[in-house]
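Chemist: Mind looking over this structure? Questions follow.
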2 protein chains.
Amino acid sequence: MLKLYSFGPGANSLKPLLTLYEKGLAFEGIRLNPAKFEHHEDWFKAINPNGQVPALVDDGRVITESTVICEYLEDEYPTEPPLRPADSYGRAQMRIWTKWVDEYFCWCVSTIGWERMIKHMARALSDEEFEEKVKRIPIPEQQVKWRNARNGFPQAVLDEEMRKIGVSVRRLEARLAESEWLAGDRYTLADICNFAIANGMQHGFAELVNATDTPNLLRWIEAINQRPAAKRMFAEVPFERLPQPKEAEATA
Amino acid sequence: MLKLYSFGPGANSLKPLLTLYEKGLAFEGIRLNPAKFEHHEDWFKAINPNGQVPALVDDGRVITESTVICEYLEDEYPTEPPLRPADSYGRAQMRIWTKWVDEYFCWCVSTIGWERMIKHMARALSDEEFEEKVKRIPIPEQQVKWRNARNGFPQAVLDEEMRKIGVSVRRLEARLAESEWLAGDRYTLADICNFAIANGMQHGFAELVNATDTPNLLRWIEAINQRPAAKRMFAEVPFERLPQPKEAEATA
């Protein structure tokens with residue numbers, strides 16, 4: 001049986017989770033706790049040496065990288081509904097969107113998310129505990145990101161990331177004003193992979209994502225949330241509960 | 001007939017060029033001159049609003065993003081030889097490598113390349129000419145990169161990029177020590193897309209890529225250069241001749 005190692009149904013973990021639910025594929029979900037840094041523990045690094053979720057295991061073979069996992073599921077399990085356009089041009093458009101979310105959109109949203117949430121997790125640890133955790137992170141850039149999160153990202157970085165989030169939101173809105181779905185008239189991995197980042201921005205970034213400025217983006221977020229597969233996924237796979245600012249500081 | 005807008009046979013332009021030659025697909029090659037900033041001219045931005053090469057036009061439809069173009073060519077023209085593994089797991093491994101070159105390897109090599117070569121192009125222009133050129137670049141991050149190239153990148157940036165190049169070279173060497181090709185026992189888009197960046201490093205980065213430190217990477221670079229399709233491509237598609245430091249400064 002397929003096994004998926006993941007966090008809760010947000011960001012990169014959401015991509016394969018929602019793809020599995022959309023395709024009706026049975027799988028065993030193994031949930032890691034980011035607040036306990038479980039993805040940097042040795043048992044998990046034996047599965048993915050990068051110490052990153054999600055990771056899919058299919059018949060003993062490990063597939064990593066959330067977007068690659070989604071295409072793998074389409075290649076290996078071509079069950080209904082297809083989540084890629086049938087024609088080559090449509091697939092290319094889909095891949096431009098999945099590439100864009102991985103190279104641009106996800107990073108700016110991630111930095112702000114780390115500043116708002118991971119900072120408190122990192123500050124809840126003593127210096128010794130923090131260094132102990134960071135030492136176990138295999139990717140140097142991720143070590144730097146944890147340190148930045150703990151110290152607070154420089155304001156210039158936060159400003160630049162907010163600018164990019166504005167660019168991203170306007171790009172999605174413009175596309176969704178002319179097309180029901182990102183890669184054309186069919187719901188595809190382009191939508192799933194971008195929804196993974198965009199969902200929740202109507203709350204966390206309401207000054208940018210709202211009925212006045214981005215009616216089409218809101219319509220699309222709502223439409224995906226209303227799909228039976230998404231409803232089932234959110235009902236069955238709980239969100240994380242990360243340490244909140246107050247309690248984190250209380251224990252710091 | 002397929003039309004490919006590109007620079008010479010290096011970096012991102014090499015990816016679709018070599019793919020077209022490997023698959024024996026006839027195409028009209030339209031060559032842009034980076035030293036004249038032709039990719040930022042209005043006629044080309046009408047084809048790719050991002051002002052970036054390569055861009056493929058197939059029956060009037062434009063496909064952008066070099067890696068996406070390569071997968072498009074495989075999807076639309078499944079002629080021999082196949083440049084993707086036949087099995088889903090192999091395709092996933094191929095995509096991890098094409099994703100990695102686009103998200104990590106190409107960027108560090110690009111910064112050093114810009115520092116070494118584009119700097120002279122940018123300095124060959126007067127302030128007014130430079131501002132005029134920069135104004136026409138559609139992507140803000142590219143504008144910043146041109147300014148950095150002209151001013152010279154900060155040493156801390158160059159050091160970090162050189163560190164990443166070292167990581168990249170060691171990663172390729174380790175993989176090629178255990179496998180003839182990056183995604184397994186068949187030459188695929190993983191090899192083409194990484195070769196696009198790695199080829200020439202045996203000269204430009206000889207302190208890192210050489211017979212002592214990276215024998216397998218060298219073997220792989222040489223093997224791709226010896227393929228009939230690569231030989232034909234390099235014979236028919238000339239390299240650019242960018243302004244050299246001396247002549248650039250002479251006209252500055």
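Ligands are numbered from 1 in the order shown, residues from 1 within each chain, and chains are lettered A, B, ... in the order they appear in the structure tokens.
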I want to know what sits within 10 Å of Pro9 in chain A, based on only C-alpha atoms, with residues of the same chain fewer than 2 positions away left out; could you give that as a PyMOL selection string?

Modeler: chain A and resi 6-7+11-18+196+230+233-234+236-240

Chemist: Mind running chain A against chain B at 6 Å and telling me each contacting residue's nearest atom pair with the distance in Å (one decimal), counting only C-alpha atoms, chain and number ascending, as CSV?

Modeler:
residue,atom,partner,partner_atom,distance
A:Val68,CA,B:Ala92,CA,5.8
A:Tyr72,CA,B:Ser88,CA,5.9
A:Asp75,CA,B:Ser88,CA,5.6
A:Glu76,CA,B:Ser88,CA,5.6
A:Ser88,CA,B:Glu76,CA,5.6
A:Ala92,CA,B:Val68,CA,5.9

Chemist: Identify all residues of range 23-196 of chain A in alpha helix (DSSP H) (DSSP on the backbone) and supply them as JSON, numbers by chain.

Modeler: {"A": [42, 43, 44, 45, 66, 67, 68, 69, 70, 71, 72, 73, 74, 75, 76, 88, 89, 90, 91, 92, 93, 94, 95, 96, 97, 98, 99, 100, 106, 107, 108, 109, 110, 111, 112, 113, 119, 120, 121, 122, 123, 127, 128, 129, 130, 131, 132, 133, 134, 135, 140, 141, 142, 143, 144, 145, 146, 147, 148, 149, 150, 151, 155, 156, 157, 158, 159, 160, 161, 162, 163, 164, 165, 166, 167, 168, 169, 170, 171, 172, 173, 174, 175, 176, 177, 178, 189, 190, 191, 192, 193, 194, 195, 196]}

Chemist: Only C-alpha atoms, please: the residues just picked out, written as a compact mmCIF listing (two decimals), in the first residue's frame.

Modeler:
# COMPACT_ATOMS: atom_id res chain seq x y z
CA ASP A 42 17.33 9.85 11.95
CA TRP A 43 14.50 7.38 11.29
CA PHE A 44 12.97 9.84 8.82
CA LYS A 45 16.27 10.91 7.27
CA SER A 66 5.82 17.28 -3.59
CA THR A 67 5.26 18.30 -7.22
CA VAL A 68 7.21 15.31 -8.50
CA ILE A 69 5.10 13.03 -6.27
CA CYS A 70 1.92 14.45 -7.84
CA GLU A 71 3.16 13.75 -11.38
CA TYR A 72 4.29 10.30 -10.23
CA LEU A 73 0.80 9.50 -8.96
CA GLU A 74 -0.63 10.53 -12.36
CA ASP A 75 1.97 8.48 -14.24
CA GLU A 76 1.62 5.37 -12.10
CA SER A 88 0.69 18.38 -24.67
CA TYR A 89 0.13 22.13 -24.80
CA GLY A 90 -2.20 21.95 -21.79
CA ARG A 91 0.35 19.87 -19.89
CA ALA A 92 3.01 22.46 -20.63
CA GLN A 93 0.75 25.19 -19.24
CA MET A 94 0.12 23.05 -16.17
CA ARG A 95 3.86 22.61 -15.65
CA ILE A 96 4.54 26.32 -16.00
CA TRP A 97 2.12 26.84 -13.10
CA THR A 98 3.51 24.03 -10.92
CA LYS A 99 7.03 25.29 -11.60
CA TRP A 100 6.05 28.85 -10.75
CA CYS A 106 5.69 29.26 -2.27
CA TRP A 107 8.90 30.97 -1.12
CA CYS A 108 7.52 34.42 -0.40
CA VAL A 109 4.48 33.02 1.42
CA SER A 110 6.72 30.62 3.30
CA THR A 111 9.00 33.36 4.64
CA ILE A 112 6.06 35.33 6.02
CA GLY A 113 4.58 32.12 7.46
CA LYS A 119 9.53 32.04 14.95
CA HIS A 120 7.49 31.18 18.02
CA MET A 121 8.35 27.50 17.73
CA ALA A 122 12.04 28.34 17.46
CA ARG A 123 11.91 30.79 20.35
CA ASP A 127 19.65 28.04 23.00
CA GLU A 128 21.00 24.55 23.63
CA GLU A 129 17.85 22.82 22.45
CA PHE A 130 17.74 25.04 19.37
CA GLU A 131 21.35 24.32 18.41
CA GLU A 132 20.73 20.62 18.96
CA LYS A 133 17.75 20.74 16.57
CA VAL A 134 19.53 22.84 13.92
CA LYS A 135 22.50 20.49 13.90
CA PRO A 140 22.41 24.23 5.02
CA GLU A 141 19.88 26.72 3.57
CA GLN A 142 17.24 25.29 5.91
CA GLN A 143 19.57 25.77 8.87
CA VAL A 144 19.92 29.42 7.87
CA LYS A 145 16.14 29.75 7.55
CA TRP A 146 15.62 28.38 11.07
CA ARG A 147 18.15 30.83 12.46
CA ASN A 148 16.52 33.71 10.60
CA ALA A 149 13.13 32.65 11.88
CA ARG A 150 14.38 32.58 15.46
CA ASN A 151 16.13 35.95 15.17
CA GLN A 155 12.58 43.97 7.61
CA ALA A 156 13.98 44.43 4.08
CA VAL A 157 13.51 40.70 3.45
CA LEU A 158 9.96 40.76 4.80
CA ASP A 159 9.13 43.81 2.64
CA GLU A 160 10.48 42.15 -0.48
CA GLU A 161 8.59 38.93 0.23
CA MET A 162 5.36 40.90 0.74
CA ARG A 163 5.97 42.58 -2.62
CA LYS A 164 6.32 39.16 -4.24
CA ILE A 165 3.15 37.94 -2.54
CA GLY A 166 1.35 40.93 -4.08
CA VAL A 167 2.74 40.04 -7.52
CA SER A 168 1.69 36.41 -7.02
CA VAL A 169 -1.85 37.21 -5.94
CA ARG A 170 -2.35 39.57 -8.89
CA ARG A 171 -0.98 36.96 -11.28
CA LEU A 172 -3.39 34.30 -9.99
CA GLU A 173 -6.31 36.74 -10.07
CA ALA A 174 -5.57 37.78 -13.66
CA ARG A 175 -5.40 34.17 -14.83
CA LEU A 176 -8.53 33.11 -12.94
CA ALA A 177 -10.43 36.09 -14.35
CA GLU A 178 -9.99 34.61 -17.81
CA LEU A 189 -2.23 19.59 -10.65
CA ALA A 190 -1.69 23.27 -11.48
CA ASP A 191 -4.70 24.05 -9.29
CA ILE A 192 -3.83 21.57 -6.54
CA CYS A 193 -0.22 22.78 -6.24
CA ASN A 194 -1.16 26.47 -6.18
CA PHE A 195 -4.12 25.89 -3.87
CA ALA A 196 -1.65 24.27 -1.46

Chemist: Please provide the set of residues having any atom within 10 Å of Arg241 in chain A, restricted to only C-alpha atoms, with same-chain residues fewer than 5 positions apart removed, written as a list in words.

Modeler: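 Once the adjacent positions are removed, what remains is Gly8, Asn33, Pro34 and Ala35 of chain A.
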
Chemist: For CA of Pro85 in chain A and CA of Ile30 in chain B, quote the distance in Å rounded to one decimal.

Modeler: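 CA of Ile30 in chain B lies at a distance of 29.0 Å from CA of Pro85 in chain A.
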